[in-house]
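K.L.:
What follows is target.cif; its format and atoms are mmCIF, C-alpha atoms.
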```
data_entry
loop_
_atom_site.label_atom_id
_atom_site.label_comp_id
_atom_site.auth_asym_id
_atom_site.auth_seq_id
_atom_site.Cartn_x
_atom_site.Cartn_y
_atom_site.Cartn_z
CA MET V 13 -0.93 -4.60 -56.66
CA THR V 14 -3.97 -3.38 -54.75
CA ALA V 15 -3.55 -3.28 -50.98
CA ALA V 16 -5.72 -5.70 -49.05
CA SER V 17 -8.84 -4.19 -47.54
CA PRO V 18 -8.56 -3.68 -43.76
CA TYR V 19 -12.18 -4.83 -43.46
CA PRO V 20 -12.55 -7.75 -45.89
CA HIS V 21 -15.75 -9.10 -44.34
CA LEU V 22 -17.56 -5.78 -44.65
CA GLY V 23 -16.56 -5.44 -48.29
CA PHE V 24 -15.73 -1.73 -47.98
CA ASP V 25 -13.85 0.69 -45.74
CA PRO V 26 -16.26 2.70 -43.54
CA ALA V 27 -13.45 4.64 -41.81
CA PRO V 28 -10.70 5.50 -44.30
CA GLY V 29 -7.67 7.46 -43.17
CA SER V 30 -4.27 7.05 -41.54
CA THR V 31 -4.05 7.93 -37.86
CA ASP V 32 -0.23 7.88 -38.09
CA LEU V 33 -0.30 10.49 -40.84
CA VAL V 34 -2.76 12.67 -38.93
CA ARG V 35 -0.62 12.48 -35.78
CA ASP V 36 2.51 13.33 -37.77
CA ILE V 37 0.91 16.41 -39.34
CA HIS V 38 -0.43 17.43 -35.94
CA ARG V 39 3.08 17.29 -34.44
CA LYS V 40 4.49 19.37 -37.29
CA LEU V 41 1.75 21.99 -37.07
CA SER V 42 2.10 22.20 -33.29
CA GLY V 43 5.84 22.72 -33.67
CA CYS V 44 5.23 25.38 -36.32
CA ALA V 45 2.80 27.21 -34.00
CA ARG V 46 5.34 27.17 -31.17
CA GLU V 47 8.05 28.58 -33.41
CA MET V 48 5.73 31.34 -34.63
CA GLU V 49 4.86 32.17 -31.02
CA LYS V 50 8.59 32.43 -30.21
CA ALA V 51 9.15 34.65 -33.24
CA HIS V 52 6.22 36.86 -32.25
CA SER V 53 7.58 37.15 -28.71
CA LYS V 54 11.01 38.18 -29.96
CA VAL V 55 9.60 40.71 -32.42
CA THR V 56 7.44 42.18 -29.65
CA LYS V 57 10.48 42.58 -27.40
CA LEU V 58 12.39 44.19 -30.23
CA MET V 59 9.52 46.60 -30.87
CA ASN V 60 9.35 47.50 -27.16
CA GLY V 61 13.05 48.29 -27.08
CA SER V 62 13.72 45.89 -24.20
CA TYR V 63 15.64 43.31 -26.22
CA TRP V 64 17.93 45.31 -28.48
CA GLU V 65 19.30 48.84 -28.27
CA GLY V 66 21.39 51.08 -30.47
CA ASP V 67 21.11 52.68 -33.89
CA ALA V 68 20.54 49.38 -35.65
CA ALA V 69 17.68 48.59 -33.27
CA VAL V 70 16.11 51.99 -33.91
CA ALA V 71 16.35 51.46 -37.67
CA PHE V 72 14.90 47.98 -37.36
CA ARG V 73 11.94 49.20 -35.31
CA ALA V 74 11.35 52.02 -37.76
CA GLN V 75 10.99 49.46 -40.54
CA LEU V 76 8.49 47.37 -38.53
CA GLU V 77 6.56 50.28 -37.03
CA GLY V 78 2.96 50.08 -38.16
CA GLY V 79 3.72 47.06 -40.32
CA PRO V 80 1.80 43.80 -40.44
CA LEU V 81 4.58 41.44 -39.24
CA PRO V 82 3.76 41.31 -35.48
CA LEU V 83 0.04 40.93 -36.12
CA ASN V 84 0.57 38.32 -38.84
CA LEU V 85 2.90 36.31 -36.59
CA ARG V 86 0.39 36.39 -33.75
CA ASN V 87 -2.60 35.56 -35.95
CA GLY V 88 -0.64 32.93 -37.81
CA ALA V 89 0.47 31.19 -34.62
CA HIS V 90 -3.08 31.26 -33.33
CA SER V 91 -4.47 29.88 -36.57
CA VAL V 92 -1.91 27.11 -36.91
CA ALA V 93 -2.44 26.12 -33.27
CA LYS V 94 -6.21 25.95 -33.83
CA ALA V 95 -5.71 23.84 -36.95
CA ALA V 96 -3.33 21.55 -35.05
CA ARG V 97 -5.88 21.13 -32.27
CA GLN V 98 -8.56 20.18 -34.80
CA LEU V 99 -6.21 17.60 -36.31
CA ASP V 100 -5.51 16.20 -32.85
CA LEU V 101 -9.24 15.84 -32.26
CA TRP V 102 -9.69 14.25 -35.68
CA GLY V 103 -6.91 11.76 -34.94
CA THR V 104 -8.71 10.65 -31.78
CA GLU V 105 -12.05 10.45 -33.59
CA LEU V 106 -10.56 8.54 -36.54
CA GLU V 107 -8.98 6.04 -34.15
CA GLU V 108 -12.38 5.45 -32.55
CA PHE V 109 -14.09 5.11 -35.96
CA GLN V 110 -11.55 2.51 -37.03
CA ARG V 111 -11.93 0.63 -33.75
CA ARG V 112 -15.68 0.45 -34.34
CA ALA V 113 -15.12 -0.59 -37.97
CA LYS V 114 -12.81 -3.40 -36.85
CA LYS V 115 -15.47 -4.62 -34.44
CA LEU V 116 -18.12 -4.53 -37.16
CA ASP V 117 -15.79 -6.43 -39.50
CA GLY V 118 -15.53 -9.17 -36.87
CA GLU V 119 -19.31 -9.27 -36.54
CA ALA V 120 -19.61 -9.44 -40.33
CA LYS V 121 -17.20 -12.38 -40.39
CA ASP V 122 -19.32 -14.27 -37.86
CA ALA V 123 -22.53 -13.35 -39.71
CA ARG V 124 -21.19 -14.53 -43.06
CA GLU V 125 -20.02 -17.82 -41.57
CA ALA V 126 -23.42 -18.30 -39.92
CA LEU V 127 -25.14 -17.56 -43.24
CA GLN V 128 -22.90 -20.03 -45.06
CA ARG V 129 -23.68 -22.74 -42.51
CA ALA V 130 -27.41 -22.02 -42.73
CA ARG V 131 -27.33 -22.28 -46.52
CA GLY V 132 -25.39 -25.54 -46.30
CA HIS V 133 -27.95 -27.00 -43.90
CA ALA V 134 -30.78 -25.85 -46.15
CA ASP V 135 -29.21 -27.61 -49.12
CA GLU V 136 -28.72 -30.81 -47.15
CA ASP V 137 -31.88 -30.91 -45.02
CA HIS V 138 -34.88 -31.73 -47.21
CA SER V 139 -37.05 -33.01 -44.33
CA ALA V 140 -37.86 -29.53 -42.96
CA PRO V 141 -37.23 -27.02 -45.75
CA ASP V 142 -39.28 -24.22 -44.15
CA HIS V 143 -37.29 -24.39 -40.93
CA ALA V 144 -33.99 -24.41 -42.81
CA ASN V 145 -35.05 -21.51 -45.02
CA ASN V 146 -36.09 -19.53 -41.94
CA LYS V 147 -32.59 -19.99 -40.55
CA VAL V 148 -31.12 -18.71 -43.83
CA THR V 149 -33.41 -15.68 -43.73
CA ALA V 150 -32.48 -14.94 -40.11
CA ALA V 151 -28.75 -15.28 -40.86
CA GLN V 152 -29.09 -13.00 -43.89
CA GLY V 153 -30.94 -10.49 -41.71
CA ASP V 154 -28.11 -10.52 -39.16
CA LEU V 155 -25.56 -9.85 -41.90
CA ASP V 156 -27.68 -7.06 -43.39
CA ASP V 157 -27.93 -5.45 -39.95
CA VAL V 158 -24.14 -5.46 -39.55
CA LEU V 159 -23.68 -3.96 -43.02
CA LYS V 160 -26.33 -1.34 -42.29
CA ARG V 161 -24.49 -0.28 -39.14
CA ALA V 162 -21.24 -0.16 -41.12
CA ARG V 163 -22.83 2.16 -43.70
CA SER V 164 -24.14 4.32 -40.87
CA LEU V 165 -20.61 4.45 -39.45
CA ALA V 166 -19.29 5.51 -42.85
CA GLY V 167 -21.79 8.37 -42.93
CA GLU V 168 -20.82 9.44 -39.43
CA HIS V 169 -17.15 9.30 -40.37
CA GLU V 170 -17.72 11.45 -43.46
CA GLU V 171 -19.76 14.04 -41.57
CA THR V 172 -17.19 14.33 -38.77
CA ALA V 173 -14.33 14.61 -41.27
CA ARG V 174 -16.22 17.33 -43.15
CA ARG V 175 -16.82 19.24 -39.89
CA ARG V 176 -13.16 19.02 -38.86
CA ALA V 177 -12.08 20.18 -42.31
CA ARG V 178 -14.45 23.14 -42.02
CA HIS V 179 -12.98 24.08 -38.64
CA ILE V 180 -9.46 23.86 -40.06
CA GLY V 181 -10.54 26.10 -42.93
CA ASP V 182 -12.02 28.59 -40.47
CA ALA V 183 -8.75 28.63 -38.53
CA THR V 184 -6.77 29.67 -41.62
CA ARG V 185 -8.88 32.78 -42.19
CA ARG V 186 -6.46 34.70 -39.97
CA LEU V 187 -3.42 33.75 -42.02
CA ALA V 188 -1.90 36.32 -44.36
CA PRO V 189 -2.57 37.27 -47.11
CA HIS V 190 -6.24 36.71 -46.23
CA GLU V 191 -6.36 39.69 -43.88
CA PRO V 192 -9.77 39.79 -42.12
CA ASN V 193 -11.81 42.97 -42.08
CA ALA V 194 -12.84 44.73 -38.87
CA TRP V 195 -16.12 42.83 -38.49
CA ASP V 196 -14.41 39.46 -39.07
CA ARG V 197 -11.76 40.35 -36.51
CA PHE V 198 -14.44 41.28 -33.98
CA THR V 199 -16.50 38.12 -34.53
CA ASP V 200 -13.36 35.97 -34.40
CA TRP V 201 -12.32 37.64 -31.15
CA LEU V 202 -15.80 37.30 -29.68
CA GLY V 203 -16.07 33.63 -30.65
CA ASP V 204 -12.61 32.79 -29.32
CA ASN V 205 -13.02 34.64 -26.03
CA LEU V 206 -16.74 34.53 -25.20
CA PRO V 207 -16.34 32.29 -22.11
CA ASP V 208 -13.65 34.63 -20.72
CA ILE V 209 -15.84 37.66 -21.46
CA LEU V 210 -18.82 36.14 -19.64
CA SER V 211 -16.63 35.15 -16.69
CA ALA V 212 -15.18 38.66 -16.49
CA CYS V 213 -18.66 40.20 -16.56
CA ALA V 214 -19.75 37.87 -13.74
CA ALA V 215 -16.69 38.83 -11.68
CA VAL V 216 -17.31 42.55 -12.24
CA LEU V 217 -20.93 42.14 -11.12
CA GLY V 218 -19.61 40.55 -7.93
CA VAL V 219 -17.40 43.58 -7.26
CA ILE V 220 -20.27 45.98 -7.97
CA ALA V 221 -22.48 44.11 -5.51
CA LEU V 222 -19.70 43.97 -2.91
CA LEU V 223 -18.91 47.68 -3.09
CA GLY V 224 -22.53 48.81 -3.48
CA LEU V 225 -21.77 50.76 -6.66
CA THR V 226 -25.31 50.55 -8.00
CA ALA V 227 -28.87 50.84 -6.76
CA VAL V 228 -29.67 47.40 -8.14
CA ALA V 229 -30.35 44.92 -5.35
CA PRO V 230 -27.35 42.67 -4.60
CA TRP V 231 -29.46 39.53 -4.98
CA MET V 232 -30.23 40.49 -8.59
CA LEU V 233 -26.53 40.92 -9.31
CA PHE V 234 -25.92 37.61 -7.53
CA LEU V 235 -28.33 35.77 -9.83
CA ALA V 236 -27.06 37.59 -12.94
CA ALA V 237 -23.47 36.66 -12.09
CA GLY V 238 -24.52 33.05 -11.57
CA LEU V 239 -26.27 33.02 -14.94
CA LEU V 240 -23.21 34.43 -16.72
CA SER V 241 -20.94 31.92 -14.96
CA GLY V 242 -23.28 29.10 -15.98
CA MET V 243 -23.20 30.21 -19.61
CA ALA V 244 -19.41 30.45 -19.52
CA PHE V 245 -19.17 27.00 -17.91
CA GLY V 246 -21.41 25.50 -20.60
CA LEU V 247 -19.30 27.04 -23.37
CA ARG V 248 -16.04 25.82 -21.84
CA ILE V 249 -17.07 22.21 -21.32
CA SER V 250 -18.54 22.06 -24.82
CA ASP V 251 -15.33 23.37 -26.41
CA PRO V 252 -13.29 20.45 -27.83
CA GLU V 253 -10.07 22.46 -27.44
CA VAL V 254 -10.65 22.99 -23.72
CA LEU V 255 -11.62 19.35 -23.17
CA SER V 256 -8.60 18.14 -25.12
CA SER V 257 -6.29 20.42 -23.14
CA LEU V 258 -7.70 19.15 -19.84
CA GLU V 259 -7.53 15.53 -21.00
CA ASP V 260 -3.92 15.90 -22.14
CA GLY V 261 -3.00 17.44 -18.81
CA LEU V 262 -4.73 14.80 -16.71
CA THR V 263 -3.80 11.73 -18.75
CA LYS V 264 -0.54 12.70 -20.46
CA GLY V 265 0.91 15.04 -17.86
CA GLU V 266 0.98 18.06 -20.23
CA LEU V 267 0.57 20.57 -17.39
CA ASP V 268 1.29 23.68 -19.45
CA VAL V 269 -0.05 27.22 -19.05
CA ASP V 270 -3.11 26.48 -21.20
CA PHE V 271 -4.02 23.47 -19.04
CA TRP V 272 -3.95 25.46 -15.80
CA GLY V 273 -5.80 28.36 -17.41
CA ASN V 274 -8.54 26.07 -18.70
CA LEU V 275 -8.75 24.16 -15.42
CA LEU V 276 -9.10 27.35 -13.36
CA GLY V 277 -11.59 28.77 -15.86
CA VAL V 278 -13.84 25.71 -15.72
CA ALA V 279 -13.55 25.48 -11.92
CA GLY V 280 -14.22 29.18 -11.42
CA ASP V 281 -17.31 29.19 -13.63
CA PHE V 282 -18.63 26.03 -11.99
CA LEU V 283 -18.22 27.50 -8.53
CA GLY V 284 -19.74 30.79 -9.68
CA MET V 285 -22.93 29.24 -11.02
CA LEU V 286 -23.67 26.83 -8.16
CA PRO V 287 -25.04 29.28 -5.54
CA GLY V 288 -27.34 31.01 -8.04
CA LEU V 289 -28.56 27.69 -9.37
CA GLY V 290 -29.15 26.47 -5.84
CA ALA V 291 -31.09 29.62 -4.93
CA VAL V 292 -33.38 29.20 -7.93
CA ALA V 293 -33.93 25.50 -7.19
CA LYS V 294 -34.62 26.01 -3.49
CA GLY V 295 -36.82 29.03 -4.17
CA ALA V 296 -38.97 26.99 -6.54
CA MET V 297 -39.18 24.15 -4.02
CA ARG V 298 -40.34 26.55 -1.31
CA ALA V 299 -43.27 27.93 -3.32
CA PRO V 300 -46.28 25.90 -2.14
CA GLU V 301 -48.66 28.00 -4.23
CA LEU V 302 -47.13 26.50 -7.35
CA LEU V 303 -49.60 23.62 -7.13
CA ALA V 304 -52.53 26.00 -6.85
CA ALA V 305 -52.36 26.71 -10.57
CA ILE V 306 -53.64 23.23 -11.35
CA ALA V 307 -55.57 22.38 -8.18
CA VAL V 308 -59.25 23.11 -7.56
CA PRO V 309 -59.78 24.84 -4.19
CA VAL V 310 -61.83 22.89 -1.68
CA GLY V 311 -65.54 23.79 -1.79
CA GLU V 312 -65.35 25.57 -5.15
CA THR V 313 -67.72 24.25 -7.81
CA GLU V 314 -65.94 24.46 -11.14
CA GLY V 315 -68.83 22.88 -12.96
CA VAL V 316 -70.97 26.04 -12.84
CA LEU V 317 -68.28 28.16 -14.49
CA THR V 318 -68.12 28.74 -18.22
CA LEU V 319 -65.07 27.67 -20.21
CA GLY V 320 -63.88 31.28 -20.42
CA GLN V 321 -64.24 31.74 -16.67
CA LYS V 322 -62.28 28.54 -16.04
CA ILE V 323 -59.49 29.70 -18.34
CA ALA V 324 -59.40 33.15 -16.70
CA LYS V 325 -59.34 31.65 -13.20
CA ALA V 326 -56.54 29.24 -14.18
CA GLY V 327 -54.60 32.19 -15.59
CA VAL V 328 -54.99 34.13 -12.34
CA ARG V 329 -53.79 31.15 -10.34
CA ALA V 330 -50.83 30.59 -12.66
CA GLY V 331 -49.86 34.26 -12.43
CA ALA V 332 -50.10 34.19 -8.63
CA SER V 333 -48.00 31.02 -8.52
CA ILE V 334 -45.33 32.49 -10.78
CA ARG V 335 -45.15 35.62 -8.62
CA THR V 336 -44.90 33.46 -5.51
CA VAL V 337 -42.05 31.48 -7.03
CA GLY V 338 -40.30 34.74 -7.97
CA VAL V 339 -40.59 36.11 -4.44
CA SER V 340 -39.35 32.82 -3.02
CA ILE V 341 -36.33 32.77 -5.37
CA ARG V 342 -35.57 36.40 -4.50
CA THR V 343 -35.65 35.56 -0.79
CA GLU V 344 -33.34 32.57 -1.19
CA ALA V 345 -30.96 34.48 -3.49
CA ALA V 346 -30.75 37.42 -1.08
CA ALA V 347 -29.98 35.07 1.81
CA ALA V 348 -27.46 33.01 -0.19
CA GLU V 349 -25.74 36.17 -1.41
CA GLY V 350 -25.13 37.11 2.20
CA ALA V 351 -24.11 33.62 3.34
CA VAL V 352 -20.73 33.48 5.04
CA SER V 353 -17.77 31.42 3.89
CA LEU V 354 -17.54 27.90 5.22
CA LEU V 355 -14.26 28.91 6.89
CA SER V 356 -16.23 31.39 9.02
CA HIS V 357 -18.58 28.69 10.32
CA PRO V 358 -18.40 28.20 14.10
CA ARG V 359 -17.77 24.47 13.62
CA VAL V 360 -14.68 25.09 11.49
CA PHE V 361 -11.76 25.69 13.87
CA GLY V 362 -14.24 27.22 16.28
CA GLY V 363 -14.86 30.15 13.95
CA ARG V 364 -11.37 31.54 14.57
CA LEU V 365 -10.82 32.07 10.84
CA ALA V 366 -13.81 34.39 10.51
CA PRO V 367 -11.80 37.64 11.02
CA VAL V 368 -9.23 36.52 8.44
CA VAL V 369 -11.93 35.60 5.92
CA GLU V 370 -13.62 38.96 6.43
CA LYS V 371 -10.37 40.81 5.67
CA VAL V 372 -9.47 38.64 2.68
CA ASP V 373 -12.91 38.43 1.04
CA ARG V 374 -13.05 41.92 -0.47
CA PRO V 375 -9.50 42.10 -1.92
CA ALA V 376 -9.85 38.52 -3.20
CA THR V 377 -13.08 39.39 -5.02
CA ILE V 378 -11.48 42.47 -6.56
CA LEU V 379 -8.38 40.45 -7.49
CA GLY V 380 -10.55 37.83 -9.22
CA ALA V 381 -12.30 40.51 -11.25
CA GLY V 382 -8.94 42.08 -12.07
CA THR V 383 -7.38 38.88 -13.42
CA ALA V 384 -10.56 38.09 -15.38
CA VAL V 385 -10.62 41.54 -16.98
CA TYR V 386 -6.90 41.29 -17.67
CA GLY V 387 -7.48 38.00 -19.46
CA VAL V 388 -10.00 39.64 -21.78
CA ALA V 389 -7.77 42.69 -22.26
CA SER V 390 -4.80 40.49 -23.18
CA SER V 391 -6.83 39.05 -26.05
CA LEU V 392 -7.18 42.59 -27.41
CA ALA V 393 -3.76 44.07 -26.66
CA ASP V 394 -0.84 42.26 -28.18
CA ALA V 395 1.60 43.53 -25.56
CA LEU V 396 -0.42 41.94 -22.74
CA ASP V 397 -0.71 38.51 -24.37
CA ASN V 398 2.35 36.55 -23.28
CA GLY V 399 3.18 33.39 -21.40
CA ARG V 400 4.67 35.17 -18.38
CA ALA V 401 1.50 37.17 -17.77
CA LYS V 402 -0.64 34.03 -18.09
CA THR V 403 1.58 32.23 -15.59
CA VAL V 404 1.30 35.09 -13.09
CA THR V 405 -2.48 35.17 -13.58
CA ASN V 406 -2.73 31.43 -12.95
CA LEU V 407 -0.56 31.74 -9.82
CA LEU V 408 -2.90 34.43 -8.49
CA ASP V 409 -6.12 32.66 -9.46
CA GLY V 410 -5.14 29.22 -8.16
CA PRO V 411 -4.78 30.03 -4.44
CA ARG V 412 -7.72 32.45 -4.60
CA THR V 413 -9.98 29.78 -6.10
CA LEU V 414 -8.98 27.17 -3.51
CA GLY V 415 -8.78 29.45 -0.50
CA VAL V 416 -11.66 31.85 -1.14
CA ASP V 417 -14.03 30.73 -3.89
CA VAL V 418 -14.37 27.09 -2.79
CA PRO V 419 -15.16 27.91 0.88
CA ALA V 420 -17.50 30.76 -0.15
CA THR V 421 -19.42 28.50 -2.51
CA ALA V 422 -19.50 25.75 0.09
CA GLY V 423 -20.92 28.23 2.62
CA ALA V 424 -23.68 29.34 0.25
CA LEU V 425 -24.53 25.75 -0.64
CA HIS V 426 -24.56 24.77 3.04
CA PHE V 427 -27.13 27.48 3.66
CA LEU V 428 -29.22 26.50 0.64
CA LEU V 429 -29.13 22.77 1.34
CA ARG V 430 -29.96 23.24 5.01
CA GLY V 431 -33.58 22.23 5.32
CA ALA V 432 -33.89 21.36 1.62
CA GLY V 433 -34.87 17.86 2.62
CA GLU V 434 -37.91 19.27 4.40
CA VAL V 435 -39.36 20.69 1.19
CA SER V 436 -38.25 17.96 -1.22
#
```
With the file now loaded, output its structure as structure tokens.
P.N.:
Amino acid sequence: MTAASPYPHLGFDPAPGSTDLVRDIHRKLSGCAREMEKAHSKVTKLMNGSYWEGDAAVAFRAQLEGGPLPLNLRNGAHSVAKAARQLDLWGTELEEFQRRAKKLDGEAKDAREALQRARGHADEDHSAPDHANNKVTAAQGDLDDVLKRARSLAGEHEETARRRARHIGDATRRLAPHEPNAWDRFTDWLGDNLPDILSACAAVLGVIALLGLTAVAPWMLFLAAGLLSGMAFGLRISDPEVLSSLEDGLTKGELDVDFWGNLLGVAGDFLGMLPGLGAVAKGAMRAPELLAAIAVPVGETEGVLTLGQKIAKAGVRAGASIRTVGVSIRTEAAAAEGAVSLLSHPRVFGGRLAPVVEKVDRPATILGAGTAVYGVASSLADALDNGRAKTVTNLLDGPRTLGVDVPATAGALHFLLRGAGEVS
């Protein structure tokens, strides 16, 4: 016996699939990934000699030395976790597709009933056949519109399912026996860790500027760090895995190590990009010559100039305006780079925290760069990649972000926004 269609009024299923089955497979894959992580952790401890000693331990390590087991366990756990995350995302998307399909099925029911009534009236009403036929045509058009949207939903469902399947396939490339070559390993590592790499580069630029380790002007490093932080922020908030981790933590209370790491990463990049973005915006606003590129100076007769002369003159004006904007941005960036933390402001506790902020600022900046670089290094070195190290990193980054980065960013923004209303 054929099962009844879940969308009888549409006449087809635009969102096939079982959310219960997807959720069940997701739970099993997540559990498998956790067990592989535990196995990898135990094997790593055994290899380091900190978990098992004696002749048997030496013989065991000799058998594993240089072998593929630790790497395969790590790659396998990573791959299965990525596949599980994609299934979790697909489960949420499928649920939304089916909700929309159910709504369309209800609209189709109403449209079919309206069409049936219109046809009945047309058969009975012979006094105004044109009017009755127009109602039939309109009702048929409403039904066709619903069915068109249902077919569009089916196409969207198929495309999303295909994309999720492709991502799951990509995740399994790390699983043995499909051992990736050196280039594949590098591109996989780069793709998985690009936001962390950009954040680490931004933090290192901050240390270089703070310690004066280069002849490059600090304001240039300030803008470059802001640009890198902005790129990292964009990558993080566009990553479905990061968004899902944050959503699970905020809505389901899954406050695990990954949640805190993602939260601090997004917050740190956001705070890092704001001052640079503000300097660029305020610098552009404070460049009055920008309008000169399109304005005709008072008293100048453009009509006597040839077309070539007009184009050349416009080019000169545009070049001068661009240079003026650049100088203005440089001025604002240099000033914002040197802006003091909000905690040092005279109106905050009478400025009594200024000496403390001055002592804490440099070591906090170096600490931030250190934890960022460590995060990138842990993605390369198996021995550094463990839950305890991530927890310690989060415990260091959390207070630093709240106590140092937030007030510093607020201080720079206070400087940039001061008087912005005068030029806006």
K.L.:
Once the PyMOL selection byres ((chain V and resi 147) around 10) has been applied to the shown file, what residues remain in the selection, as number ranges by chain?
P.N.:
V: 126-127, 129-131, 133-134, 141-146, 148-153
K.L.:
Could you tell me which of V:Ser211, V:Thr172, V:Ser250, V:Asn84 comes closest to Ala236 (chain V) if we count all atoms listed in the file?
P.N.:
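The closest residue to Ala236 (chain V) is V:Ser211.
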K.L.:
Can you check which parts of region 170-248 of chain V lie within 12 Å of region 18-38 of chain V? Per residue, the shortest pair of atoms and distance in Å to one decimal, counting only C-alpha atoms, sorted by chain and number, as a Markdown table.
P.N.:
```
| residue | atom | partner | partner_atom | distance |
| --- | --- | --- | --- | --- |
| V:Glu170 | CA | V:Ala27 | CA | 8.2 |
| V:Glu171 | CA | V:Ala27 | CA | 11.3 |
| V:Thr172 | CA | V:Ala27 | CA | 10.8 |
| V:Ala173 | CA | V:Gly29 | CA | 10.0 |
| V:Ile180 | CA | V:His38 | CA | 11.8 |
```
K.L.:
Would you please work out which residue, of V:Gln98, V:Pro367, V:Gly380, V:Phe271, is nearest to Arg174 (chain V) when using only C-alpha atoms?
P.N.:
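Once distances to Arg174 (chain V) are computed over only C-alpha atoms, the minimum belongs to V:Gln98.
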K.L.:
Identify, on the basis of all atoms listed in the file, every residue whose closest approach to region 277-286 of chain V does not exceed 7 Å; exclude the query and any residue fewer than 4 positions from it along the same chain; express the result as a ChimeraX atom specification.
P.N.:
/V:211,238-239,241-242,244-245,248,273,290,413,418,421
K.L.:
Return as a PyMOL selection string the set of residues that the PyMOL selection byres ((chain V and resi 379) around 12) yields on the displayed structure.
P.N.:
chain V and resi 212+215-216+218-219+372-378+380-386+405-413+416-417
K.L.:
Write the residues of the preceding selection, restricted to C-alpha atoms, as a PDB file, in the coordinates of the input.
P.N.:
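As written to disk, part_15.pdb reads:
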```pdb
ATOM      1  CA  ALA V 212     -15.180  38.660 -16.490  1.00  0.00           C
ATOM      2  CA  ALA V 215     -16.690  38.830 -11.680  1.00  0.00           C
ATOM      3  CA  VAL V 216     -17.310  42.550 -12.240  1.00  0.00           C
ATOM      4  CA  GLY V 218     -19.610  40.550  -7.930  1.00  0.00           C
ATOM      5  CA  VAL V 219     -17.400  43.580  -7.260  1.00  0.00           C
ATOM      6  CA  VAL V 372      -9.470  38.640   2.680  1.00  0.00           C
ATOM      7  CA  ASP V 373     -12.910  38.430   1.040  1.00  0.00           C
ATOM      8  CA  ARG V 374     -13.050  41.920  -0.470  1.00  0.00           C
ATOM      9  CA  PRO V 375      -9.500  42.100  -1.920  1.00  0.00           C
ATOM     10  CA  ALA V 376      -9.850  38.520  -3.200  1.00  0.00           C
ATOM     11  CA  THR V 377     -13.080  39.390  -5.020  1.00  0.00           C
ATOM     12  CA  ILE V 378     -11.480  42.470  -6.560  1.00  0.00           C
ATOM     13  CA  GLY V 380     -10.550  37.830  -9.220  1.00  0.00           C
ATOM     14  CA  ALA V 381     -12.300  40.510 -11.250  1.00  0.00           C
ATOM     15  CA  GLY V 382      -8.940  42.080 -12.070  1.00  0.00           C
ATOM     16  CA  THR V 383      -7.380  38.880 -13.420  1.00  0.00           C
ATOM     17  CA  ALA V 384     -10.560  38.090 -15.380  1.00  0.00           C
ATOM     18  CA  VAL V 385     -10.620  41.540 -16.980  1.00  0.00           C
ATOM     19  CA  TYR V 386      -6.900  41.290 -17.670  1.00  0.00           C
ATOM     20  CA  THR V 405      -2.480  35.170 -13.580  1.00  0.00           C
ATOM     21  CA  ASN V 406      -2.730  31.430 -12.950  1.00  0.00           C
ATOM     22  CA  LEU V 407      -0.560  31.740  -9.820  1.00  0.00           C
ATOM     23  CA  LEU V 408      -2.900  34.430  -8.490  1.00  0.00           C
ATOM     24  CA  ASP V 409      -6.120  32.660  -9.460  1.00  0.00           C
ATOM     25  CA  GLY V 410      -5.140  29.220  -8.160  1.00  0.00           C
ATOM     26  CA  PRO V 411      -4.780  30.030  -4.440  1.00  0.00           C
ATOM     27  CA  ARG V 412      -7.720  32.450  -4.600  1.00  0.00           C
ATOM     28  CA  THR V 413      -9.980  29.780  -6.100  1.00  0.00           C
ATOM     29  CA  VAL V 416     -11.660  31.850  -1.140  1.00  0.00           C
ATOM     30  CA  ASP V 417     -14.030  30.730  -3.890  1.00  0.00           C
TER      31      ASP V 417
END
```
K.L.:
In Å, rounded to a single decimal, give me how far CA of Leu202 (chain V) is from CA of Asp260 (chain V).
P.N.:
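The value is 25.6 Å.
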K.L.:
For a quick check of understanding, using all atoms listed in the file, which of V:Ser17, V:Phe198, V:Leu276, V:Leu85 has the smallest distance to Ala113 (chain V)?
P.N.:
V:Ser17
K.L.:
With all atoms listed in the file as the atoms that count, which of V:Ala71, V:Cys44, V:Asp270, V:Lys402 lies nearest to Ser257 (chain V)?
P.N.:
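Checking each candidate against Ser257 (chain V), we get V:Asp270 as the closest.
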K.L.:
Given the choices V:Leu235, V:Leu240, V:Val369, V:Ala89, which gets closest to Ala293 (chain V) if the distance is worked out from only C-alpha atoms?
P.N.:
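Between V:Leu235, V:Leu240, V:Val369, V:Ala89, the residue approaching Ala293 (chain V) most closely is V:Leu235.
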K.L.:
Skipping near chain neighbours, those fewer than 6 positions away, what residues fall within 8 Å of Arg86 (chain V) using only C-alpha atoms, listed as a list of chain:residue names?
P.N.:
V:Met48, V:Glu49, V:His52
K.L.:
Any idea what the distance is between CA of Leu255 (chain V) and CA of Arg97 (chain V)?
P.N.:
10.9 Å
K.L.:
Report as a ChimeraX atom specification the full result of the PyMOL selection byres ((chain V and resi 258) around 9) when it is applied to this structure.
P.N.:
/V:253-257,259-263,266-267,270-272,274-275
K.L.:
I need every residue sitting at most 6 Å from the point (6.8, 41.0, -34.1) (coordinates as in the file, only C-alpha atoms considered), written as an MDAnalysis selection string.
P.N.:
chainID V and resid 52 55:56 81:82
K.L.:
How many Å lie between CA of Ala214 (chain V) and CA of Ser391 (chain V), rounded to one decimal?
P.N.:
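A separation of 17.9 Å between them.
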K.L.:
Considering only C-alpha atoms, can you say which of V:Ala120, V:Leu99, V:Val292, V:Leu165 comes closest to Trp231 (chain V)?
P.N.:
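Closest to Trp231 (chain V), using only C-alpha atoms: V:Val292.
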